[in-house]
file query-v4.txt (compact mmCIF, C-alpha atoms)
# COMPACT_ATOMS: atom_id res chain seq x y z
CA MET A 5 158.96 157.78 59.08
CA ASN A 6 162.16 158.08 57.08
CA ASP A 7 165.42 158.00 59.01
CA MET A 8 166.93 161.31 57.85
CA THR A 9 170.20 160.76 59.75
CA SER A 10 171.15 157.43 58.14
CA LYS A 11 171.07 158.53 54.52
CA PRO A 12 174.09 160.85 54.45
CA ARG A 13 176.18 158.24 56.29
CA LEU A 14 175.40 155.47 53.81
CA ALA A 15 175.47 157.70 50.76
CA ASN A 16 179.15 158.47 51.33
CA PRO A 17 182.01 155.93 51.44
CA ASN A 18 182.76 154.50 54.89
CA SER A 19 185.92 156.15 56.22
CA GLN A 20 186.40 153.30 58.71
CA ALA A 21 186.36 150.62 56.00
CA ALA A 22 189.07 148.40 54.57
CA SER A 23 188.53 147.14 51.04
CA VAL A 24 190.18 144.96 48.42
CA ARG A 25 190.23 145.27 44.63
CA LEU A 26 191.43 142.81 41.96
CA LYS A 27 192.46 143.30 38.36
CA ALA A 28 193.69 140.76 35.78
CA ARG A 29 197.17 141.38 34.36
CA SER A 30 198.66 139.92 31.18
CA LEU A 31 202.35 138.97 31.13
CA GLN A 32 203.37 142.37 29.74
CA ARG A 33 201.21 144.32 32.18
CA ALA A 34 202.35 142.12 35.05
CA TYR A 35 205.95 143.17 34.43
CA GLY A 36 204.87 146.81 34.54
CA GLN A 37 202.85 146.22 37.71
CA ARG A 38 205.86 144.64 39.40
CA ARG A 39 208.08 147.55 38.43
CA HIS A 40 205.65 149.80 40.31
CA ASP A 41 204.95 147.49 43.25
CA PHE A 42 208.59 146.62 43.96
CA ARG A 43 209.99 150.05 42.98
CA ILE A 44 212.08 148.85 40.04
CA GLY A 45 213.41 151.67 37.85
CA ARG A 46 211.98 155.16 37.72
CA GLN A 47 208.83 155.77 39.75
CA PRO A 48 206.01 158.37 39.57
CA ASN A 49 206.53 161.73 41.24
CA TYR A 50 203.97 161.02 43.98
CA VAL A 51 206.28 158.34 45.42
CA ASP A 52 208.35 159.72 48.32
CA LYS A 53 211.78 158.30 47.50
CA ASP A 54 213.05 159.12 51.00
CA ARG A 55 210.48 156.69 52.44
CA THR A 56 210.79 153.87 49.89
CA LEU A 57 213.19 152.03 52.20
CA LEU A 58 210.30 151.71 54.67
CA ASN A 59 208.30 149.54 52.24
CA ARG A 60 208.04 145.93 53.40
CA VAL A 61 208.22 142.96 51.01
CA LEU A 62 206.16 140.20 52.62
CA ILE A 63 206.33 137.68 49.75
CA GLU A 64 209.10 137.77 47.15
CA PRO A 65 207.69 137.59 43.58
CA ARG A 66 207.95 134.30 41.73
CA PRO A 67 209.25 134.57 38.11
CA LEU A 68 206.37 135.35 35.77
CA PRO A 69 207.47 132.85 33.04
CA LYS A 70 207.26 130.05 35.62
CA ILE A 71 203.76 131.15 36.58
CA LYS A 72 202.75 131.19 32.91
CA LYS A 73 204.11 127.66 32.36
CA GLU A 74 202.19 126.46 35.39
CA ILE A 75 199.00 128.03 34.00
CA GLU A 76 199.56 126.36 30.63
CA ARG A 77 199.90 123.00 32.39
CA LEU A 78 196.69 123.60 34.36
CA ARG A 79 194.83 124.57 31.18
CA ARG A 80 196.00 121.42 29.37
CA SER A 81 194.98 119.23 32.31
CA SER A 82 191.52 120.85 32.25
CA GLY A 83 191.10 119.94 28.56
CA ALA A 84 191.92 123.29 26.94
CA LYS A 85 193.10 122.76 23.37
CA ARG A 86 193.87 126.30 22.26
CA ALA A 87 197.08 128.03 23.27
CA MET A 88 196.93 130.99 25.65
CA LYS A 89 196.37 134.35 24.00
CA SER A 90 199.19 136.86 24.18
CA ASP A 91 197.03 139.16 26.32
CA ALA A 92 195.69 136.40 28.59
CA ALA A 93 195.93 137.06 32.31
CA VAL A 94 198.92 135.57 34.12
CA VAL A 95 198.34 137.11 37.55
CA SER A 96 195.49 138.84 39.35
CA ALA A 97 196.88 142.03 40.86
CA GLY A 98 195.22 143.11 44.09
CA VAL A 99 195.38 146.11 46.39
CA ILE A 100 194.20 146.50 50.00
CA THR A 101 193.23 150.06 50.93
CA PHE A 102 191.84 151.83 53.98
CA GLY A 103 189.47 154.75 54.56
CA HIS A 104 191.16 157.64 56.36
CA LYS A 105 189.78 156.68 59.79
CA ALA A 106 190.58 153.00 59.22
CA ALA A 107 194.11 154.01 58.19
CA GLU A 108 194.53 155.87 61.48
CA LEU A 109 193.42 152.79 63.44
CA PHE A 110 195.64 150.44 61.42
CA ALA A 111 198.65 152.75 61.84
CA ARG A 112 198.49 152.18 65.62
CA LEU A 113 199.48 148.54 65.13
CA SER A 114 203.14 147.54 65.06
CA PRO A 115 204.64 146.61 61.66
CA ASP A 116 204.60 142.91 62.64
CA GLU A 117 200.93 143.12 63.62
CA GLN A 118 200.08 144.90 60.35
CA ASP A 119 201.94 142.29 58.32
CA ALA A 120 200.20 139.42 60.12
CA ALA A 121 196.78 140.93 59.39
CA LEU A 122 197.55 141.59 55.73
CA LEU A 123 199.08 138.14 55.17
CA GLU A 124 196.11 136.40 56.78
CA LEU A 125 193.70 138.37 54.60
CA VAL A 126 195.53 137.77 51.32
CA THR A 127 195.96 134.06 52.07
CA ALA A 128 192.23 133.80 52.81
CA ILE A 129 191.38 135.59 49.54
CA ALA A 130 193.61 133.21 47.55
CA ASP A 131 192.01 130.18 49.27
CA LYS A 132 188.54 131.54 48.51
CA LEU A 133 189.42 131.88 44.81
CA GLY A 134 191.21 128.52 44.65
CA THR A 135 194.62 129.94 43.76
CA HIS A 136 197.74 131.03 45.68
CA VAL A 137 199.68 134.20 46.40
CA GLU A 138 202.67 134.99 44.17
CA ALA A 139 203.93 138.29 45.61
CA MET A 140 203.11 140.89 48.27
CA VAL A 141 204.49 144.26 49.38
CA VAL A 142 203.37 146.99 51.79
CA HIS A 143 203.77 150.58 50.57
CA LEU A 144 204.63 153.32 53.05
CA ASP A 145 206.06 155.82 50.57
CA GLU A 146 202.78 157.16 49.20
CA THR A 147 199.96 159.22 50.76
CA SER A 148 198.62 156.39 52.94
CA LEU A 149 199.57 152.83 53.82
CA HIS A 150 198.28 150.16 51.43
CA ALA A 151 199.35 146.71 50.23
CA HIS A 152 199.79 145.29 46.74
CA PHE A 153 199.64 141.55 46.09
CA GLU A 154 199.57 139.12 43.18
CA MET A 155 197.81 135.79 42.77
CA ARG A 156 198.06 133.23 39.98
CA ALA A 157 195.33 134.18 37.50
CA TYR A 158 193.95 130.61 37.28
CA ASP A 159 192.63 128.34 40.01
CA GLY A 160 193.71 124.74 40.54
CA ARG A 161 191.13 123.51 38.01
CA GLY A 162 192.52 125.69 35.22
CA VAL A 163 189.61 128.17 35.44
CA PRO A 164 190.44 131.91 35.19
CA VAL A 165 190.12 133.77 38.50
CA SER A 166 188.17 136.46 36.62
CA LYS A 167 185.38 133.88 36.13
CA VAL A 168 185.56 132.66 39.72
CA ALA A 169 185.42 136.21 41.15
CA THR A 170 181.76 136.89 40.36
CA PHE A 171 179.88 139.89 41.74
CA LYS A 172 178.66 137.77 44.66
CA VAL A 173 182.14 136.42 45.41
CA MET A 174 183.67 139.91 45.31
CA SER A 175 181.02 141.07 47.78
CA GLU A 176 181.94 138.14 50.02
CA LEU A 177 185.60 139.14 49.75
CA GLN A 178 184.69 142.59 51.08
CA ASP A 179 182.90 140.91 54.01
CA MET A 180 185.99 138.76 54.60
CA THR A 181 188.25 141.80 54.47
CA ALA A 182 186.24 143.58 57.15
CA ASP A 183 185.99 140.47 59.36
CA ILE A 184 189.71 139.65 59.31
CA MET A 185 190.86 143.26 59.68
CA ALA A 186 188.45 143.82 62.59
CA ILE A 187 189.96 140.86 64.44
CA HIS A 188 193.44 142.37 64.19
CA CYS A 189 192.32 146.00 64.41
CA PRO A 190 188.97 146.57 66.19
CA GLY A 191 187.06 149.48 64.71
CA ILE A 192 187.66 148.66 61.05
CA GLU A 193 184.37 148.02 59.23
CA ARG A 194 183.01 146.90 55.89
CA GLY A 195 182.50 149.50 53.18
CA HIS A 196 178.93 150.44 52.29
CA LYS A 197 177.55 148.33 49.46
CA LYS A 198 176.98 150.14 46.17
CA PHE A 199 173.21 149.65 46.09
CA GLU A 200 172.87 150.66 49.74
CA ARG A 201 174.67 153.91 48.95
CA ILE A 202 172.44 154.57 45.95
CA LYS A 203 169.35 153.84 48.06
CA ALA A 204 170.64 156.26 50.71
CA GLY A 205 170.87 159.06 48.16
CA ALA A 206 174.33 158.72 46.60
CA ASP A 207 174.69 159.52 42.91
CA TYR A 208 175.26 156.33 40.95
CA ALA A 209 178.33 157.93 39.36
CA ASP A 210 179.85 158.37 42.83
CA THR A 211 179.73 154.61 43.46
CA LEU A 212 181.78 153.69 40.39
CA ASN A 213 185.54 153.20 40.27
CA ARG A 214 185.98 155.68 37.46
CA SER A 215 189.23 156.30 35.65
CA VAL A 216 191.24 159.43 36.29
CA LYS A 217 190.31 160.77 32.87
CA GLN A 218 186.60 160.14 33.48
CA LEU A 219 186.69 161.75 36.90
CA HIS A 220 188.54 164.76 35.56
CA GLN A 221 185.83 165.16 32.94
CA ASP A 222 182.86 164.37 35.22
CA LEU A 223 183.67 166.16 38.47
CA PRO A 224 183.48 169.77 37.18
CA ALA A 225 179.97 169.08 35.85
CA GLU A 226 178.99 167.38 39.11
CA ILE A 227 180.33 170.32 41.13
CA ALA A 228 178.40 172.74 38.91
CA ALA A 229 175.22 170.65 39.37
CA ARG A 230 175.66 170.64 43.15
CA GLN A 231 176.30 174.38 43.13
CA ALA A 232 173.10 174.87 41.11
CA LYS A 233 171.14 172.76 43.61
CA LEU A 234 172.65 174.77 46.46
CA THR A 235 171.65 178.05 44.78
CA ASP A 236 168.13 176.71 44.17
CA LEU A 237 167.80 175.68 47.83
CA GLU A 238 168.95 179.11 48.95
CA GLY A 239 166.31 180.68 46.65
CA GLN A 240 163.61 178.42 48.12
CA GLN A 241 164.70 179.40 51.62
CA VAL A 242 164.41 183.13 50.77
CA LYS A 243 160.92 182.67 49.31
CA LEU A 244 159.78 180.54 52.25
CA SER A 245 161.16 183.03 54.76
CA ALA A 246 159.26 185.88 53.05
CA SER A 247 156.07 183.81 53.03
CA MET A 248 156.48 182.95 56.72
CA ASN A 249 156.99 186.61 57.61
CA LYS A 250 153.82 187.47 55.73
CA THR A 251 151.86 184.79 57.59
CA ARG A 252 153.28 185.97 60.92
CA GLY A 253 152.09 189.49 60.04
CA TYR A 254 148.54 188.22 59.52
CA LEU A 255 148.71 186.35 62.82
CA GLN A 256 149.94 189.42 64.69
CA LYS A 257 147.01 191.47 63.39
CA LEU A 258 144.48 188.81 64.40
CA ASN A 259 146.09 188.25 67.81
CA ALA A 260 146.02 192.04 68.45
CA LYS A 261 142.23 192.03 68.41
CA VAL A 262 140.47 191.64 71.75
CA LYS A 263 137.65 189.58 70.31
CA LEU A 264 137.44 187.66 67.05
CA ASN A 265 134.36 186.84 65.11
CA GLU A 266 133.76 183.33 63.79
CA LYS A 267 135.33 184.03 60.41
CA GLU A 268 138.43 185.60 61.98
CA ALA A 269 138.81 182.68 64.43
CA THR A 270 138.73 180.22 61.53
CA ARG A 271 141.28 182.31 59.65
CA LEU A 272 143.53 182.38 62.75
CA LYS A 273 143.57 178.57 62.93
CA THR A 274 144.30 178.39 59.21
CA TYR A 275 147.28 180.78 59.54
CA GLU A 276 148.62 178.92 62.58
CA ALA A 277 148.44 175.55 60.75
CA ARG A 278 150.02 177.09 57.66
CA LEU A 279 152.87 178.58 59.73
CA ALA A 280 153.50 175.24 61.48
CA LYS A 281 153.68 173.51 58.09
CA LYS A 282 156.12 176.14 56.84
CA ASP A 283 158.27 175.67 59.96
CA VAL A 284 158.64 171.97 59.09
CA GLU A 285 159.41 172.84 55.47
CA GLN A 286 162.00 175.40 56.59
CA ALA A 287 163.71 172.83 58.84
CA SER A 288 163.84 170.37 55.93
CA LEU A 289 165.30 173.00 53.59
CA GLU A 290 167.92 173.97 56.17
CA GLN A 291 168.98 170.32 56.57
CA ARG A 292 169.21 169.80 52.80
CA HIS A 293 171.14 173.05 52.52
CA LEU A 294 173.66 171.94 55.16
CA GLN A 295 174.09 168.55 53.48
CA MET A 296 174.65 170.14 50.09
CA LYS A 297 177.16 172.62 51.51
CA ALA A 298 179.02 169.70 53.11
CA LEU A 299 179.12 167.77 49.82
CA LEU A 300 180.37 170.68 47.72
CA PRO A 301 183.83 171.00 49.32
CA THR A 302 184.18 167.20 49.14
CA ALA A 303 183.62 167.31 45.38
CA GLN A 304 186.00 170.25 45.01
CA ASP A 305 188.68 168.44 47.01
CA ALA A 306 188.11 165.36 44.86
CA LEU A 307 188.63 167.45 41.73
CA LYS A 308 191.90 168.80 43.07
CA SER A 309 193.01 165.29 43.98
CA ARG A 310 192.13 164.05 40.50
CA GLU A 311 193.97 166.94 38.90
CA ILE A 312 197.05 165.81 40.79
CA ALA A 313 196.35 162.22 39.73
CA VAL A 314 196.05 163.33 36.09
CA MET A 315 199.45 165.01 36.31
CA ARG A 316 200.90 161.85 37.82
CA THR A 317 199.36 159.73 35.07
CA GLU A 318 200.78 162.05 32.43
CA ASP A 319 204.19 161.77 34.11
CA ASP A 320 203.90 157.98 34.04
CA ALA A 321 202.93 158.03 30.36
CA ARG A 322 205.84 160.33 29.53
CA VAL A 323 208.25 158.04 31.38
CA LYS A 324 206.92 155.02 29.46
CA VAL A 325 207.23 156.81 26.11
CA GLU A 326 210.77 157.86 26.96
CA ALA A 327 211.60 154.27 27.91
CA VAL A 328 210.19 152.95 24.62
CA ASN A 329 212.12 155.53 22.57
CA ALA A 330 215.33 154.77 24.47
CA SER A 331 214.79 151.03 23.90
CA LEU A 332 214.29 151.49 20.15
CA ALA A 333 217.37 153.71 19.91
CA ALA A 334 219.47 151.11 21.76
CA ILE A 335 218.28 148.25 19.53
CA ASP A 336 218.99 150.30 16.39
CA ALA A 337 222.47 151.29 17.66
CA VAL A 338 223.47 147.69 18.45
CA ALA A 339 222.15 146.46 15.07
CA GLN A 340 224.15 149.12 13.19
CA GLU A 341 227.37 148.40 15.05
CA LEU A 342 226.99 144.64 14.59
CA GLU A 343 226.49 145.21 10.87
CA GLY A 344 229.49 147.55 10.73
CA GLY A 345 231.72 145.19 12.69
CA THR A 346 232.47 147.72 15.44
CA VAL A 347 231.28 145.51 18.29
CA ALA A 348 234.16 143.63 19.95
CA ARG A 349 235.48 142.32 23.27
CA ASP A 350 238.19 144.10 25.27
CA ASP A 351 241.08 142.38 27.07
CA GLN A 352 238.82 141.55 30.01
CA GLY A 353 236.20 139.93 27.80
CA LYS A 354 233.67 142.74 28.12
CA ILE A 355 231.61 143.94 25.15
CA LYS A 356 232.69 147.30 23.74
CA MET A 357 231.11 149.54 21.09
CA ASN A 358 232.09 152.73 19.32
CA ASP A 359 229.17 154.54 20.99
CA PRO A 360 227.67 152.69 23.98
CA SER A 361 225.58 155.68 25.15
CA PRO A 362 222.27 154.51 23.52
CA VAL A 363 222.54 151.17 25.35
CA ARG A 364 223.37 152.87 28.65
CA ALA A 365 220.30 155.09 28.26
CA ALA A 366 217.97 152.12 27.69
CA PRO A 367 216.10 150.36 30.54
CA LYS A 368 218.49 148.14 32.47
CA GLY A 369 216.74 144.91 31.61
CA LEU A 370 216.83 145.58 27.88
CA ALA A 371 220.43 146.83 28.02
CA LYS A 372 221.58 143.56 29.62
CA ARG A 373 219.72 141.52 27.02
CA LEU A 374 221.26 143.52 24.16
CA VAL A 375 224.76 143.03 25.60
CA ARG A 376 224.14 139.29 25.92
CA LEU A 377 222.85 139.21 22.33
CA ALA A 378 225.96 141.03 21.09
CA GLY A 379 228.14 138.54 23.00
CA ARG A 380 226.38 135.59 21.37
CA PHE A 381 226.86 137.21 17.97
CA LEU A 382 230.60 137.60 18.59
CA LYS A 383 230.88 133.94 19.67
CA LEU A 384 229.09 132.86 16.50
CA GLN A 385 231.39 135.12 14.46
CA ASP A 386 234.48 133.56 16.09
CA ARG A 387 233.22 130.08 15.25
CA MET A 388 232.66 131.05 11.63
CA VAL A 389 236.20 132.47 11.41
CA GLN A 390 237.55 129.20 12.81
CA LYS A 391 235.59 127.23 10.22
CA GLU A 392 236.85 129.51 7.48
CA GLY A 393 240.45 128.88 8.59
CA TYR A 394 239.86 125.16 8.63
CA LEU A 395 238.43 125.23 5.09
CA ASP A 396 241.42 127.30 3.90
CA LYS A 397 243.80 124.69 5.31
CA LEU A 398 241.78 121.91 3.67
CA ALA A 399 241.88 123.68 0.28
CA ALA A 400 245.65 124.25 0.57
CA ALA A 401 246.24 120.58 1.44
CA LEU A 402 244.11 119.52 -1.51
CA LYS A 403 246.01 121.76 -3.92
CA SER A 404 249.35 120.32 -2.80
CA LEU A 405 247.96 116.83 -3.22
CA LEU A 406 246.77 117.45 -6.78
CA VAL A 407 250.29 118.24 -8.08
CA ARG A 408 251.64 114.82 -7.13
CA ASP A 409 252.65 112.63 -10.11
CA ASP A 410 251.57 109.37 -8.51
CA LEU A 411 247.92 110.48 -8.20
CA LEU A 412 245.49 108.48 -10.35
CA ASP A 413 243.65 110.34 -13.11
CA HIS A 414 240.16 109.71 -11.72
CA ALA A 415 241.27 110.79 -8.21
CA ARG A 416 242.80 113.94 -9.71
CA ALA A 417 239.53 114.73 -11.48
CA GLU A 418 237.51 114.27 -8.28
CA GLY A 419 240.02 116.43 -6.37
CA GLU A 420 239.80 119.22 -8.95
CA LYS A 421 236.05 119.14 -8.68
CA LEU A 422 236.18 119.41 -4.86
CA ARG A 423 238.76 122.23 -5.03
CA GLN A 424 236.50 124.16 -7.41
CA GLU A 425 233.57 123.75 -5.01
CA LEU A 426 235.69 125.07 -2.15
CA ASP A 427 236.83 128.08 -4.22
CA ASP A 428 233.27 128.86 -5.30
CA GLY A 429 231.80 128.43 -1.79
CA PRO A 430 230.33 131.29 0.30
CA GLU A 431 232.60 133.81 1.93
CA PHE A 432 232.33 134.24 5.70
call {"tool": "encode", "arguments": {"input": "query-v4.txt", "output": "structure tokens"}}
result
Amino acid sequence: MNDMTSKPRLANPNSQAASVRLKARSLQRAYGQRRHDFRIGRQPNYVDKDRTLLNRVLIEPRPLPKIKKEIERLRRSSGAKRAMKSDAAVVSAGVITFGHKAAELFARLSPDEQDAALLELVTAIADKLGTHVEAMVVHLDETSLHAHFEMRAYDGRGVPVSKVATFKVMSELQDMTADIMAIHCPGIERGHKKFERIKAGADYADTLNRSVKQLHQDLPAEIAARQAKLTDLEGQQVKLSASMNKTRGYLQKLNAKVKLNEKEATRLKTYEARLAKKDVEQASLEQRHLQMKALLPTAQDALKSREIAVMRTEDDARVKVEAVNASLAAIDAVAQELEGGTVARDDQGKIKMNDPSPVRAAPKGLAKRLVRLAGRFLKLQDRMVQKEGYLDKLAAALKSLLVRDDLLDHARAEGEKLRQELDDGPEF
């Protein structure tokens, strides 16, 4: 006999589960990930800025260029001959999340107890993958507590973590996550495996980590399909109820008779068996109807959540576009002022421009680099002016020497030639 009660539980995600996800990040994407994880610069609207101070940095991030150099050394020692691609992974970015019931359990721990559990888990994950942790932070300024961490994207043999983290290994990491979290916080469990959920009746699409855009496109159709199934079940229930009433009517007529003949007795048994079968069918339809009604609001809530996520993603994209445009404007402004000679140093040695507003509007990191670049340009310009002055003095000394009467003819000729070269030389 099928266990009807276990399927809905396994088909849905486990609300008492803790889980971990990993994603490879190139150098460029790693910088962006760190800006989000460590709240550098402007953040998405869903971040509660009043609570950002509550975030806890457990491991300070190591400079990404140092990590990249270390990876290059590991690759060379493993026999790699080709240079790293520009989009090659430098770190593996991870996130530890909790189902809503697991989050409630974990929230009962003190901050020190939470940090100890998270650090033990991340260290164990890094050991399992043969690498080490580069950064870690706990976020308390979003909807629910979660932790972001980074690991070097290559193991000690110079093999990419993406190749080490096979499907089997990732499944083992989920087991490890549940085991370690349960030690620190009893009640936290492992999430249901994908194939177990599908076997229990979950739609395959529900088991995938789909993108916001995909979910926003898929969920309305899924909701419509569930609504259609719900309507169909309701129609089946109406038809079955009418059929059962009809059968009951036949039974009432037969039961009203004092004595039944052989044919009527056989018919009575047939109607009773048919009604019993319809009772079972009705109970099954009612259960399916209740399950479908329970799933429909979940899908609708998911759609609303994804609509909010889409808006957040659009906000993030707009912020990035604005940052790129501001960066290009700042670079163009500095280039024009350097060309026009309007960049200079004030009495305190600080760089000044006719219009510094484009640089001030650029991301802080780029603005600092542009100011340093302008300073190096001014130093180079000063050196060239000094060299020009030195050459002018040399030419003047040579001219005064050439007018002397005691100078030999061949020396005078060589001097004239050198003076001509100095006069014809490039202007600085």
call {"tool": "closest_residue", "arguments": {"input": "query-v4.txt", "among": "A:Lys267, A:Lys421, A:Lys282, A:Arg77", "to": "Lys243 of chain A", "atoms": "all atoms listed in the file"}}
result
A:Lys282
call {"tool": "atom_distance", "arguments": {"input": "query-v4.txt", "atom1": "atom CA of Ile184 of chain A", "atom2": "atom CA of Ala121 of chain A"}}
result
7.2 Å
call {"tool": "residues_around", "arguments": {"input": "query-v4.txt", "residues": "segment 244-256 of chain A", "least_positions_apart": "4", "cutoff": "10 Å", "atoms": "only C-alpha atoms", "output": "number ranges by chain"}}
result
A: 238-240, 260-261, 271-276, 278-283, 285-286, 289
call {"tool": "atom_distance", "arguments": {"input": "query-v4.txt", "atom1": "atom CA of Ser331 of chain A", "atom2": "atom CA of Ala366 of chain A"}}
result
5.1 Å
call {"tool": "closest_residue", "arguments": {"input": "query-v4.txt", "among": "A:Val137, A:Val51, A:Val126, A:Ala365", "to": "Met155 of chain A", "atoms": "all atoms listed in the file"}}
result
A:Val137
call {"tool": "atom_distance", "arguments": {"input": "query-v4.txt", "atom1": "atom CA of Leu144 of chain A", "atom2": "atom CA of Leu177 of chain A"}}
result
24.0 Å
call {"tool": "closest_atom_pairs", "arguments": {"input": "query-v4.txt", "of": "segment 349-397 of chain A", "to": "segment 340-344 of chain A", "cutoff": "8 Å", "atoms": "only C-alpha atoms", "output": "Markdown table"}}
result
| residue | atom | partner | partner_atom | distance |
| --- | --- | --- | --- | --- |
| A:Met357 | CA | A:Glu341 | CA | 7.2 |
| A:Asn358 | CA | A:Glu341 | CA | 7.7 |
| A:Ala378 | CA | A:Leu342 | CA | 7.5 |
call {"tool": "residues_near_point", "arguments": {"input": "query-v4.txt", "point": "(222.2, 150.6, 29.9)", "cutoff": "12 Å", "atoms": "all atoms listed in the file", "output": "PyMOL selection string"}}
result
chain A and resi 45+327+330-331+333-335+338+359-375
call {"tool": "closest_residue", "arguments": {"input": "query-v4.txt", "among": "A:Ala348, A:Arg66, A:Ser148, A:Ala107", "to": "Asp52 of chain A", "atoms": "only C-alpha atoms"}}
result
A:Ser148
call {"tool": "residues_around", "arguments": {"input": "query-v4.txt", "residues": "Lys132 of chain A", "least_positions_apart": "5", "cutoff": "10 Å", "atoms": "all atoms listed in the file", "output": "PDB file with C-alpha atoms, in the coordinates of the input"}}
result
ATOM      1  CA  VAL A 126     195.530 137.770  51.320  1.00  0.00           C
ATOM      2  CA  THR A 127     195.960 134.060  52.070  1.00  0.00           C
ATOM      3  CA  ASP A 159     192.630 128.340  40.010  1.00  0.00           C
ATOM      4  CA  VAL A 168     185.560 132.660  39.720  1.00  0.00           C
ATOM      5  CA  ALA A 169     185.420 136.210  41.150  1.00  0.00           C
ATOM      6  CA  VAL A 173     182.140 136.420  45.410  1.00  0.00           C
ATOM      7  CA  GLU A 176     181.940 138.140  50.020  1.00  0.00           C
ATOM      8  CA  LEU A 177     185.600 139.140  49.750  1.00  0.00           C
ATOM      9  CA  MET A 180     185.990 138.760  54.600  1.00  0.00           C
TER      10      MET A 180
END
